[in-house]
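J.: This is structure.cif (mmCIF, C-alpha atoms).
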data_query
#
loop_
_atom_site.group_PDB
_atom_site.id
_atom_site.type_symbol
_atom_site.label_atom_id
_atom_site.label_comp_id
_atom_site.auth_asym_id
_atom_site.auth_seq_id
_atom_site.Cartn_x
_atom_site.Cartn_y
_atom_site.Cartn_z
ATOM 1 C CA MET A 28 -52.009 53.648 10.049
ATOM 2 C CA SER A 29 -48.906 55.105 11.709
ATOM 3 C CA HIS A 30 -48.819 55.793 15.428
ATOM 4 C CA PRO A 31 -46.104 58.457 15.918
ATOM 5 C CA ASP A 32 -46.532 58.461 19.700
ATOM 6 C CA PHE A 33 -45.795 54.733 19.964
ATOM 7 C CA SER A 34 -43.392 53.782 22.744
ATOM 8 C CA LEU A 35 -41.964 50.406 23.620
ATOM 9 C CA ALA A 36 -43.029 51.266 27.166
ATOM 10 C CA ASP A 37 -46.547 50.398 25.974
ATOM 11 C CA ILE A 38 -45.711 46.693 25.612
ATOM 12 C CA ILE A 39 -42.901 45.987 28.105
ATOM 13 C CA PRO A 40 -43.867 44.669 31.560
ATOM 14 C CA GLY A 41 -43.629 46.802 34.679
ATOM 15 C CA GLN A 42 -40.377 45.085 35.638
ATOM 16 C CA GLY A 43 -38.738 46.306 32.438
ATOM 17 C CA ALA A 44 -37.304 44.298 29.573
ATOM 18 C CA ILE A 45 -34.140 43.095 27.861
ATOM 19 C CA ILE A 46 -33.156 43.387 24.209
ATOM 20 C CA LEU A 47 -30.171 41.392 22.980
ATOM 21 C CA VAL A 48 -28.269 43.403 20.402
ATOM 22 C CA ASP A 49 -25.590 42.065 18.086
ATOM 23 C CA LYS A 50 -23.273 45.040 18.524
ATOM 24 C CA PRO A 51 -21.389 45.912 15.334
ATOM 25 C CA ARG A 52 -17.761 46.993 15.234
ATOM 26 C CA GLY A 53 -17.338 50.769 15.420
ATOM 27 C CA PRO A 54 -19.750 52.317 17.927
ATOM 28 C CA SER A 55 -19.259 52.102 21.684
ATOM 29 C CA SER A 56 -21.635 50.103 23.885
ATOM 30 C CA HIS A 57 -22.917 53.411 25.278
ATOM 31 C CA GLN A 58 -23.731 54.628 21.768
ATOM 32 C CA VAL A 59 -25.615 51.415 20.943
ATOM 33 C CA ALA A 60 -27.692 51.792 24.137
ATOM 34 C CA ALA A 61 -28.405 55.414 23.187
ATOM 35 C CA TRP A 62 -29.636 54.312 19.742
ATOM 36 C CA VAL A 63 -31.941 51.749 21.362
ATOM 37 C CA ARG A 64 -33.279 54.498 23.642
ATOM 38 C CA GLU A 65 -33.941 56.713 20.615
ATOM 39 C CA MET A 66 -35.640 53.905 18.651
ATOM 40 C CA THR A 67 -37.893 52.707 21.458
ATOM 41 C CA SER A 68 -38.605 55.995 23.264
ATOM 42 C CA VAL A 69 -37.957 54.282 26.609
ATOM 43 C CA PRO A 70 -36.216 56.931 28.757
ATOM 44 C CA SER A 71 -34.266 54.545 31.005
ATOM 45 C CA VAL A 72 -31.867 52.322 29.036
ATOM 46 C CA GLY A 73 -28.580 50.718 30.069
ATOM 47 C CA HIS A 74 -26.364 47.773 29.184
ATOM 48 C CA THR A 75 -24.183 45.133 30.809
ATOM 49 C CA GLY A 76 -20.744 43.942 29.854
ATOM 50 C CA THR A 77 -19.150 46.852 27.989
ATOM 51 C CA LEU A 78 -17.629 46.039 24.601
ATOM 52 C CA ASP A 79 -14.875 48.242 23.189
ATOM 53 C CA PRO A 80 -15.695 49.947 19.857
ATOM 54 C CA PRO A 81 -13.649 47.473 17.724
ATOM 55 C CA VAL A 82 -15.362 44.467 19.375
ATOM 56 C CA SER A 83 -18.634 42.955 18.125
ATOM 57 C CA GLY A 84 -21.130 40.537 19.575
ATOM 58 C CA VAL A 85 -23.628 40.023 22.368
ATOM 59 C CA LEU A 86 -24.640 43.213 24.170
ATOM 60 C CA VAL A 87 -27.400 42.901 26.772
ATOM 61 C CA VAL A 88 -29.439 46.124 26.673
ATOM 62 C CA LEU A 89 -31.699 46.781 29.671
ATOM 63 C CA LEU A 90 -34.847 48.881 29.426
ATOM 64 C CA GLY A 91 -37.022 50.482 32.082
ATOM 65 C CA ARG A 92 -36.844 48.994 35.545
ATOM 66 C CA ALA A 93 -34.564 46.194 34.301
ATOM 67 C CA VAL A 94 -31.707 48.745 34.443
ATOM 68 C CA ARG A 95 -31.658 48.021 38.180
ATOM 69 C CA LEU A 96 -30.172 44.605 37.368
ATOM 70 C CA THR A 97 -27.009 46.110 35.840
ATOM 71 C CA THR A 98 -24.654 45.423 38.759
ATOM 72 C CA ILE A 99 -25.865 41.822 39.073
ATOM 73 C CA LEU A 100 -25.746 40.951 35.364
ATOM 74 C CA HIS A 101 -22.289 42.526 34.987
ATOM 75 C CA GLN A 102 -20.976 39.472 36.849
ATOM 76 C CA ASP A 103 -22.228 36.985 34.254
ATOM 77 C CA GLU A 104 -19.755 34.600 32.652
ATOM 78 C CA LYS A 105 -18.704 35.523 29.102
ATOM 79 C CA GLU A 106 -17.507 33.675 25.993
ATOM 80 C CA TYR A 107 -15.406 35.123 23.174
ATOM 81 C CA ILE A 108 -13.861 34.177 19.857
ATOM 82 C CA ALA A 109 -10.487 35.895 19.519
ATOM 83 C CA LEU A 110 -8.014 36.075 16.661
ATOM 84 C CA LEU A 111 -4.416 36.077 17.888
ATOM 85 C CA ARG A 112 -1.476 36.972 15.666
ATOM 86 C CA LEU A 113 1.818 35.503 16.826
ATOM 87 C CA GLN A 114 4.949 37.442 15.974
ATOM 88 C CA GLY A 115 7.000 34.349 15.281
ATOM 89 C CA ASP A 116 6.701 30.684 14.366
ATOM 90 C CA VAL A 117 5.572 28.320 17.130
ATOM 91 C CA PRO A 118 5.027 24.539 16.693
ATOM 92 C CA ASP A 119 1.457 23.320 17.283
ATOM 93 C CA ALA A 120 2.446 21.115 20.220
ATOM 94 C CA GLU A 121 4.209 23.977 22.006
ATOM 95 C CA LEU A 122 1.320 26.375 21.355
ATOM 96 C CA CYS A 123 -1.253 23.905 22.709
ATOM 97 C CA LYS A 124 0.859 23.407 25.828
ATOM 98 C CA VAL A 125 1.044 27.169 26.421
ATOM 99 C CA ILE A 126 -2.718 27.574 25.882
ATOM 100 C CA GLU A 127 -3.405 24.796 28.380
ATOM 101 C CA HIS A 128 -1.229 26.626 30.928
ATOM 102 C CA PHE A 129 -3.551 29.669 30.791
ATOM 103 C CA THR A 130 -6.668 27.693 31.763
ATOM 104 C CA GLY A 131 -7.679 28.321 35.371
ATOM 105 C CA ARG A 132 -7.051 31.288 37.670
ATOM 106 C CA ILE A 133 -4.795 33.957 36.172
ATOM 107 C CA TYR A 134 -3.520 37.356 37.236
ATOM 108 C CA GLN A 135 -4.305 40.376 35.057
ATOM 109 C CA ARG A 136 -3.742 44.109 35.213
ATOM 110 C CA PRO A 137 -6.168 46.344 33.236
ATOM 111 C CA PRO A 138 -4.588 47.989 30.159
ATOM 112 C CA LYS A 139 -3.325 51.579 30.402
ATOM 113 C CA ARG A 140 -6.281 52.831 28.338
ATOM 114 C CA SER A 141 -8.797 51.148 30.650
ATOM 115 C CA ALA A 142 -11.280 53.330 32.547
ATOM 116 C CA VAL A 143 -10.829 51.306 35.751
ATOM 117 C CA LYS A 144 -8.022 51.400 38.300
ATOM 118 C CA ARG A 145 -5.009 49.393 37.106
ATOM 119 C CA ALA A 146 -4.910 47.132 40.147
ATOM 120 C CA LEU A 147 -3.824 43.507 39.822
ATOM 121 C CA ARG A 148 -6.859 41.230 39.659
ATOM 122 C CA ILE A 149 -7.558 37.517 39.542
ATOM 123 C CA ARG A 150 -9.836 36.101 36.859
ATOM 124 C CA GLU A 151 -10.645 32.529 35.907
ATOM 125 C CA ILE A 152 -10.396 31.119 32.406
ATOM 126 C CA HIS A 153 -12.883 28.249 32.444
ATOM 127 C CA GLU A 154 -12.158 27.031 28.920
ATOM 128 C CA LEU A 155 -9.508 28.005 26.387
ATOM 129 C CA GLU A 156 -9.158 26.147 23.124
ATOM 130 C CA MET A 157 -7.613 26.612 19.705
ATOM 131 C CA LEU A 158 -10.360 26.373 17.086
ATOM 132 C CA ASP A 159 -8.183 26.849 14.009
ATOM 133 C CA ARG A 160 -4.783 28.017 12.872
ATOM 134 C CA ASP A 161 -3.296 29.480 9.733
ATOM 135 C CA GLY A 162 0.416 29.975 10.244
ATOM 136 C CA ARG A 163 0.829 32.753 12.804
ATOM 137 C CA LEU A 164 -2.920 33.457 12.980
ATOM 138 C CA VAL A 165 -4.621 31.524 15.779
ATOM 139 C CA LEU A 166 -8.373 31.401 16.395
ATOM 140 C CA LEU A 167 -9.234 30.937 20.081
ATOM 141 C CA ARG A 168 -12.429 30.318 22.022
ATOM 142 C CA VAL A 169 -12.393 31.695 25.570
ATOM 143 C CA ARG A 170 -14.973 31.056 28.306
ATOM 144 C CA CYS A 171 -14.118 33.241 31.254
ATOM 145 C CA ASP A 172 -15.149 35.351 34.228
ATOM 146 C CA SER A 173 -16.642 38.760 33.643
ATOM 147 C CA GLY A 174 -13.968 41.449 33.563
ATOM 148 C CA THR A 175 -11.337 39.282 31.847
ATOM 149 C CA TYR A 176 -9.169 41.246 29.408
ATOM 150 C CA ILE A 177 -8.852 39.088 26.296
ATOM 151 C CA ARG A 178 -6.369 41.498 24.731
ATOM 152 C CA SER A 179 -4.066 41.017 27.721
ATOM 153 C CA LEU A 180 -4.601 37.251 27.586
ATOM 154 C CA CYS A 181 -3.504 37.118 23.931
ATOM 155 C CA HIS A 182 -0.486 39.292 24.697
ATOM 156 C CA HIS A 183 0.582 36.995 27.527
ATOM 157 C CA ILE A 184 0.109 33.860 25.412
ATOM 158 C CA GLY A 185 2.469 35.390 22.833
ATOM 159 C CA LEU A 186 5.024 36.180 25.529
ATOM 160 C CA ALA A 187 4.785 32.653 26.959
ATOM 161 C CA CYS A 188 5.473 31.292 23.468
ATOM 162 C CA GLY A 189 8.631 33.387 23.390
ATOM 163 C CA VAL A 190 7.691 35.268 20.204
ATOM 164 C CA GLY A 191 5.152 37.873 21.295
ATOM 165 C CA GLY A 192 1.620 38.222 20.042
ATOM 166 C CA ALA A 193 -1.390 40.499 19.841
ATOM 167 C CA MET A 194 -5.155 40.196 19.553
ATOM 168 C CA ILE A 195 -6.308 41.567 16.200
ATOM 169 C CA GLU A 196 -10.034 40.783 16.356
ATOM 170 C CA LEU A 197 -12.583 39.876 19.031
ATOM 171 C CA ARG A 198 -16.231 38.869 19.147
ATOM 172 C CA ARG A 199 -18.372 38.090 22.204
ATOM 173 C CA THR A 200 -20.485 35.010 21.486
ATOM 174 C CA ARG A 201 -22.178 34.628 24.875
ATOM 175 C CA SER A 202 -23.055 36.747 27.902
ATOM 176 C CA GLY A 203 -24.559 34.796 30.795
ATOM 177 C CA PRO A 204 -27.360 32.621 29.366
ATOM 178 C CA PHE A 205 -27.588 34.595 26.101
ATOM 179 C CA HIS A 206 -25.878 33.458 22.882
ATOM 180 C CA GLU A 207 -25.177 35.334 19.665
ATOM 181 C CA LYS A 208 -27.989 33.396 17.947
ATOM 182 C CA ASP A 209 -30.417 35.105 20.357
ATOM 183 C CA CYS A 210 -29.394 38.603 19.236
ATOM 184 C CA VAL A 211 -30.857 41.018 16.715
ATOM 185 C CA THR A 212 -29.086 43.655 14.683
ATOM 186 C CA LEU A 213 -29.846 47.339 15.149
ATOM 187 C CA HIS A 214 -31.413 47.346 11.683
ATOM 188 C CA SER A 215 -33.762 44.485 12.620
ATOM 189 C CA LEU A 216 -34.747 46.281 15.819
ATOM 190 C CA ARG A 217 -35.454 49.484 13.870
ATOM 191 C CA ASP A 218 -37.640 47.553 11.390
ATOM 192 C CA ALA A 219 -39.569 45.850 14.232
ATOM 193 C CA VAL A 220 -40.198 49.189 15.957
ATOM 194 C CA GLU A 221 -41.451 50.749 12.728
ATOM 195 C CA ARG A 222 -43.814 47.822 12.143
ATOM 196 C CA ALA A 223 -45.099 48.206 15.713
ATOM 197 C CA ARG A 224 -45.740 51.896 15.078
ATOM 198 C CA ASN A 225 -47.934 50.804 12.204
ATOM 199 C CA GLY A 226 -49.914 48.404 14.347
ATOM 200 C CA ASP A 227 -47.977 45.146 13.896
ATOM 201 C CA GLU A 228 -46.284 44.406 17.233
ATOM 202 C CA GLU A 229 -45.556 40.694 16.631
ATOM 203 C CA SER A 230 -41.907 41.098 15.581
ATOM 204 C CA LEU A 231 -41.128 43.498 18.413
ATOM 205 C CA ARG A 232 -42.739 41.267 21.029
ATOM 206 C CA LYS A 233 -40.442 38.417 19.891
ATOM 207 C CA ILE A 234 -37.405 40.656 20.408
ATOM 208 C CA VAL A 235 -38.392 41.995 23.845
ATOM 209 C CA ARG A 236 -37.414 39.590 26.632
ATOM 210 C CA SER A 237 -38.305 39.327 30.302
ATOM 211 C CA PRO A 238 -35.577 40.218 32.837
ATOM 212 C CA LEU A 239 -36.179 36.798 34.370
ATOM 213 C CA GLU A 240 -34.465 35.217 31.345
ATOM 214 C CA ALA A 241 -31.207 36.814 32.486
ATOM 215 C CA LEU A 242 -31.641 35.298 35.952
ATOM 216 C CA GLU A 243 -32.311 31.681 34.960
ATOM 217 C CA GLY A 244 -29.342 30.430 36.977
ATOM 218 C CA PHE A 245 -30.510 32.037 40.226
ATOM 219 C CA PRO A 246 -32.545 30.019 42.772
ATOM 220 C CA ARG A 247 -36.190 31.058 43.230
ATOM 221 C CA ILE A 248 -38.264 31.554 46.341
ATOM 222 C CA TYR A 249 -42.032 31.840 45.985
ATOM 223 C CA MET A 250 -44.027 33.891 48.482
ATOM 224 C CA LYS A 251 -47.677 34.410 49.318
ATOM 225 C CA GLU A 252 -49.422 37.454 47.868
ATOM 226 C CA SER A 253 -50.116 38.564 51.428
ATOM 227 C CA ALA A 254 -46.333 38.904 52.012
ATOM 228 C CA ALA A 255 -45.448 40.584 48.709
ATOM 229 C CA ASP A 256 -46.451 44.168 49.517
ATOM 230 C CA ALA A 257 -44.422 44.214 52.742
ATOM 231 C CA VAL A 258 -41.374 42.951 50.832
ATOM 232 C CA CYS A 259 -41.923 45.660 48.191
ATOM 233 C CA HIS A 260 -41.745 48.182 51.058
ATOM 234 C CA GLY A 261 -38.371 46.722 52.109
ATOM 235 C CA ALA A 262 -39.455 44.259 54.809
ATOM 236 C CA ARG A 263 -37.605 40.980 55.213
ATOM 237 C CA LEU A 264 -39.438 37.873 54.108
ATOM 238 C CA SER A 265 -40.518 35.508 56.887
ATOM 239 C CA SER A 266 -40.951 31.739 56.622
ATOM 240 C CA ARG A 267 -44.646 32.364 57.210
ATOM 241 C CA GLY A 268 -44.850 34.064 53.816
ATOM 242 C CA VAL A 269 -43.016 31.306 51.892
ATOM 243 C CA VAL A 270 -44.888 28.924 49.591
ATOM 244 C CA SER A 271 -41.925 27.012 48.126
ATOM 245 C CA HIS A 272 -38.280 27.494 47.181
ATOM 246 C CA ASP A 273 -35.295 26.072 45.317
ATOM 247 C CA LYS A 274 -32.088 24.928 46.977
ATOM 248 C CA PHE A 275 -29.737 27.716 48.079
ATOM 249 C CA GLN A 276 -27.178 28.576 50.735
ATOM 250 C CA MET A 277 -27.026 31.432 53.217
ATOM 251 C CA GLU A 278 -25.922 34.739 51.562
ATOM 252 C CA ASP A 279 -26.878 33.484 48.084
ATOM 253 C CA LEU A 280 -28.831 35.894 45.899
ATOM 254 C CA VAL A 281 -32.344 34.556 45.260
ATOM 255 C CA VAL A 282 -35.108 35.637 42.887
ATOM 256 C CA MET A 283 -38.281 36.469 44.824
ATOM 257 C CA MET A 284 -41.518 35.529 43.071
ATOM 258 C CA THR A 285 -45.257 35.605 43.679
ATOM 259 C CA GLY A 286 -46.729 33.126 41.235
ATOM 260 C CA ASP A 287 -45.357 34.222 37.855
ATOM 261 C CA ASP A 288 -44.666 37.801 39.032
ATOM 262 C CA PHE A 289 -41.070 38.918 39.560
ATOM 263 C CA ILE A 290 -40.909 40.799 42.883
ATOM 264 C CA GLY A 291 -37.171 41.352 43.194
ATOM 265 C CA ILE A 292 -33.843 39.911 44.303
ATOM 266 C CA GLY A 293 -32.912 39.219 47.897
ATOM 267 C CA GLU A 294 -30.067 37.831 49.961
ATOM 268 C CA ALA A 295 -30.713 34.569 51.780
ATOM 269 C CA LEU A 296 -30.429 34.940 55.555
ATOM 270 C CA VAL A 297 -30.476 31.153 56.039
ATOM 271 C CA SER A 298 -29.924 28.146 53.802
ATOM 272 C CA GLY A 299 -32.966 26.797 52.005
ATOM 273 C CA SER A 300 -32.786 23.555 53.969
ATOM 274 C CA ARG A 301 -33.621 25.454 57.164
ATOM 275 C CA ILE A 302 -36.785 27.082 55.830
ATOM 276 C CA VAL A 303 -40.062 25.615 57.025
ATOM 277 C CA PRO A 304 -42.941 27.393 55.223
ATOM 278 C CA GLY A 305 -45.478 28.716 57.702
ATOM 279 C CA GLU A 306 -43.078 28.796 60.661
ATOM 280 C CA LYS A 307 -41.425 31.814 62.317
ATOM 281 C CA GLY A 308 -38.073 33.210 61.216
ATOM 282 C CA LEU A 309 -36.697 35.714 58.697
ATOM 283 C CA VAL A 310 -35.300 34.031 55.597
ATOM 284 C CA VAL A 311 -34.592 36.630 52.860
ATOM 285 C CA ALA A 312 -33.586 40.292 52.969
ATOM 286 C CA PRO A 313 -34.623 42.265 49.853
ATOM 287 C CA ARG A 314 -31.722 43.855 47.977
ATOM 288 C CA LEU A 315 -33.397 44.980 44.748
ATOM 289 C CA ILE A 316 -37.145 45.480 44.270
ATOM 290 C CA MET A 317 -38.656 45.291 40.786
ATOM 291 C CA GLN A 318 -42.363 45.587 41.628
ATOM 292 C CA ASP A 319 -44.421 48.634 42.636
ATOM 293 C CA THR A 320 -45.848 48.950 46.123
ATOM 294 C CA GLY A 321 -49.617 48.740 46.389
ATOM 295 C CA VAL A 322 -49.976 46.095 43.680
ATOM 296 C CA TYR A 323 -50.646 43.358 46.233
ATOM 297 C CA PRO A 324 -52.935 43.488 49.281
ATOM 298 C CA SER A 325 -51.262 44.863 52.378
ATOM 299 C CA SER A 326 -51.421 42.359 55.210
ATOM 300 C CA TRP A 327 -50.195 45.118 57.563
ATOM 301 C CA LYS A 328 -53.214 47.304 56.755
ATOM 302 C CA THR A 329 -55.533 44.326 57.220
ATOM 303 C CA TYR A 330 -53.937 43.619 60.598
ATOM 304 C CA GLN A 331 -54.325 47.259 61.648
ATOM 305 C CA ALA A 332 -58.002 47.281 60.592
ATOM 306 C CA ARG A 333 -58.703 44.165 62.650
ATOM 307 C CA ARG A 334 -57.128 45.748 65.725
ATOM 308 C CA GLU A 335 -59.202 48.912 65.336
ATOM 309 C CA LYS A 336 -62.437 46.869 65.139
ATOM 310 C CA SER A 337 -61.596 44.770 68.203
#
How does the structure come out when it is put into structure tokens?

T.:
Amino acid sequence: MSHPDFSLADIIPGQGAIILVDKPRGPSSHQVAAWVREMTSVPSVGHTGTLDPPVSGVLVVLLGRAVRLTTILHQDEKEYIALLRLQGDVPDAELCKVIEHFTGRIYQRPPKRSAVKRALRIREIHELEMLDRDGRLVLLRVRCDSGTYIRSLCHHIGLACGVGGAMIELRRTRSGPFHEKDCVTLHSLRDAVERARNGDEESLRKIVRSPLEALEGFPRIYMKESAADAVCHGARLSSRGVVSHDKFQMEDLVVMMTGDDFIGIGEALVSGSRIVPGEKGLVVAPRLIMQDTGVYPSSWKTYQARREKS
């Protein structure tokens, strides 16, 4: 039996969800996100790590409250497979030497067609290797900082070789912790949504991911339920509300948890080594709240009630 009013909002958690789409060549990232919004009927949909229309690969689509994570996830490390066409003949040894030179911190200026200001920027190329070569066609794997322009990188490699060169094809194979094998096509997502509308939600539930999966590299701090509501209202977390925590340094971003519940992301006011659970002292300032207020008991209201009775 079909359920025409079905919405993905019926099965995603309150903190939102992530769908990993294998973006095809042709549409823009914005168009792909719009199609996901239309398929799922979730009104708030965004994406991280924009891919140009000719580029394919991993596109992290955020749904519901997970859209709040956009600015944080934009900073995730990326990996690409690029096809470079050299405009002249270059010996293998010379090409490998040039490629090695581009590993590390490099200067880049956004292309003229870019939507951002064309200011000189520094990006780091963590890994750059030649996977294969067929004459003047060179297949490269690039692991790099977010915001690295692979087209510019290929152009500069060609210039350094003394013959010129241009990127002719590009695919993103990883964004943060997510690999291309984790992605689904738009057609597969459409099929899963249609099956869910007909009562079979299994396929769709396998596609929908928790926002916490995108934050696996961030340290965690676990708080008492009695402290959670105050934090959801914007209060800083005190050591008295801490149950346990991972290692982190002052000013690090930390994921705030209550049990298995994702409360939000905060900035560490002290290093983890200085936190003594149960003692005085503010330890984390909330920067992004993912949970509703009123879900957890309010210790402030309990304190006020005790004062009124006394």

J.: For a quick check of understanding, using only C-alpha atoms, which of A:Ile316, A:Cys188, A:Leu86, A:Val59 has the smallest distance to Cys210 (chain A)?

T.: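 Under the stated criterion, the closest residue is A:Leu86.
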
J.: Report, in Å to a single decimal, how far apart CA of Glu228 (chain A) and CA of His206 (chain A) are.

T.: 23.8 Å

J.: Which distance in Å separates CA of Arg198 (chain A) and CA of Ser68 (chain A), to one decimal?

T.: 28.5 Å

J.: Could you list as a list in words every residue that has an atom within 10 Å of (-19.8, 50.2, 21.2), using the file's coordinates and counting all atoms listed in the file?

T.: Lys50, Pro51, Arg52, Gly53, Pro54, Ser55, Ser56, His57, Gln58, Val59, Ala60, Thr77, Leu78, Asp79, Pro80, Pro81, Val82, Ser83, Gly84 and Leu86 of chain A

J.: Give as a ChimeraX atom specification the residues that the PyMOL selection byres ((chain A and resi 287-300) around 9) matches when applied to the coordinates above.

T.: /A:42,238-239,255,258-259,263,272-286,301-303,309-319

J.: Starting from the displayed file, determine the output of the PyMOL selection byres ((chain A and resi 72-74) around 9) and express the residue list as a list of chain:residue names.

T.: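 Those residues are A:Ser56, A:His57, A:Ala60, A:Ala61, A:Val63, A:Arg64, A:Val69, A:Pro70, A:Ser71, A:Thr75, A:Gly76, A:Thr77, A:Leu86, A:Val87, A:Val88, A:Leu89, A:Leu90, A:Gly91, A:Arg92, A:Ala93, A:Val94, A:Thr97, A:His101.
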
J.: Kindly resolve the PyMOL selection byres ((chain A and resi 252) around 8) on the present coordinates and return the residues as a compact mmCIF listing (two decimals) with C-alpha atoms, keeping the file's coordinate frame.

T.:
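Okay, this is what ended up in expr_33.txt:
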# COMPACT_ATOMS: atom_id res chain seq x y z
CA MET A 250 -44.03 33.89 48.48
CA LYS A 251 -47.68 34.41 49.32
CA SER A 253 -50.12 38.56 51.43
CA ALA A 254 -46.33 38.90 52.01
CA ALA A 255 -45.45 40.58 48.71
CA ASP A 256 -46.45 44.17 49.52
CA THR A 285 -45.26 35.60 43.68
CA TYR A 323 -50.65 43.36 46.23
CA PRO A 324 -52.94 43.49 49.28

J.: Taking all atoms of region 264-279 of chain A that the file lists and extending 8 Å past them on each side, where is the centre of the axis-aligned box and how long are its edges? Answer in Å to one decimal, as AutoDock Vina command-line options.

T.:
--center_x -35.4 --center_y 31.4 --center_z 51.3 --size_x 35.0 --size_y 28.9 --size_z 27.9

J.: Within 6 Å of (-39.7, 42.9, 29.2) in the file's own coordinates, which protein, DNA or RNA residues have an atom, counting all atoms listed in the file? List them as a tab-separated table (two decimals) with C-alpha atoms, in the frame of the given file.

T.:
chain	number	residue	atom	x	y	z
A	39	ILE	CA	-42.90	45.99	28.10
A	40	PRO	CA	-43.87	44.67	31.56
A	43	GLY	CA	-38.74	46.31	32.44
A	44	ALA	CA	-37.30	44.30	29.57
A	45	ILE	CA	-34.14	43.10	27.86
A	235	VAL	CA	-38.39	42.00	23.84
A	236	ARG	CA	-37.41	39.59	26.63
A	237	SER	CA	-38.30	39.33	30.30

J.: So that I can see what lies close to Gly115 (chain A), please list as an MDAnalysis selection string the residues with an atom at most 10 Å from it, counting only C-alpha atoms and leaving out residues fewer than 3 positions away in the same chain.

T.: chainID A and resid 112 162:163 185 188:192

J.: I want to know what sits within 8 Å of Leu111 (chain A), based on all atoms listed in the file, with residues of the same chain fewer than 3 positions away left out; could you give that as number ranges by chain?

T.: A: 164-167, 181, 192-196

J.: Of the residues A:Leu100, A:Ile149, A:Leu110, A:Ala219, which is the one nearest to Glu243 (chain A), using all atoms listed in the file?

T.: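 Residue with the minimum atom-to-atom distance to Glu243 (chain A): A:Leu100.
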
J.: For His153 (chain A), which residue among A:Val85, A:Cys123, A:Val169, A:Ile184 is the nearest when counting only C-alpha atoms?

T.: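 Among A:Val85, A:Cys123, A:Val169, A:Ile184, it is A:Val169 that comes nearest to His153 (chain A).
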
J.: Would you mind telling me which residue in A:Ser179, A:Gln102, A:Ser265, A:Thr320 lies nearest to Ser202 (chain A) when using only C-alpha atoms?

T.: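 Counting only C-alpha atoms, the residue closest to Ser202 (chain A) is A:Gln102.
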
J.: Of the candidates A:Ile177, A:Pro204, A:Ala120, A:Leu113, which shows the shortest atom-to-atom distance to Asp161 (chain A), using all atoms listed in the file?

T.: A:Leu113

J.: For Gly305 (chain A), list every protein, DNA or RNA residue within 8 Å, evaluated using all atoms listed in the file, and leave out those in the same chain fewer than 4 positions away; present the list as a ChimeraX atom specification.

T.: /A:266-269

J.: How would the residues just chosen look if you wrote them out with C-alpha atoms as a short mmCIF file (atom, residue, chain, number, x, y, z; two decimals), keeping the file's coordinate frame?

T.:
data_model
loop_
_atom_site.label_atom_id
_atom_site.label_comp_id
_atom_site.auth_asym_id
_atom_site.auth_seq_id
_atom_site.Cartn_x
_atom_site.Cartn_y
_atom_site.Cartn_z
CA SER A 266 -40.95 31.74 56.62
CA ARG A 267 -44.65 32.36 57.21
CA GLY A 268 -44.85 34.06 53.82
CA VAL A 269 -43.02 31.31 51.89
#

J.: Interatomic distance between CA of Pro304 (chain A) and CA of Ser325 (chain A)?

T.: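 These atoms are spaced 19.6 Å apart.
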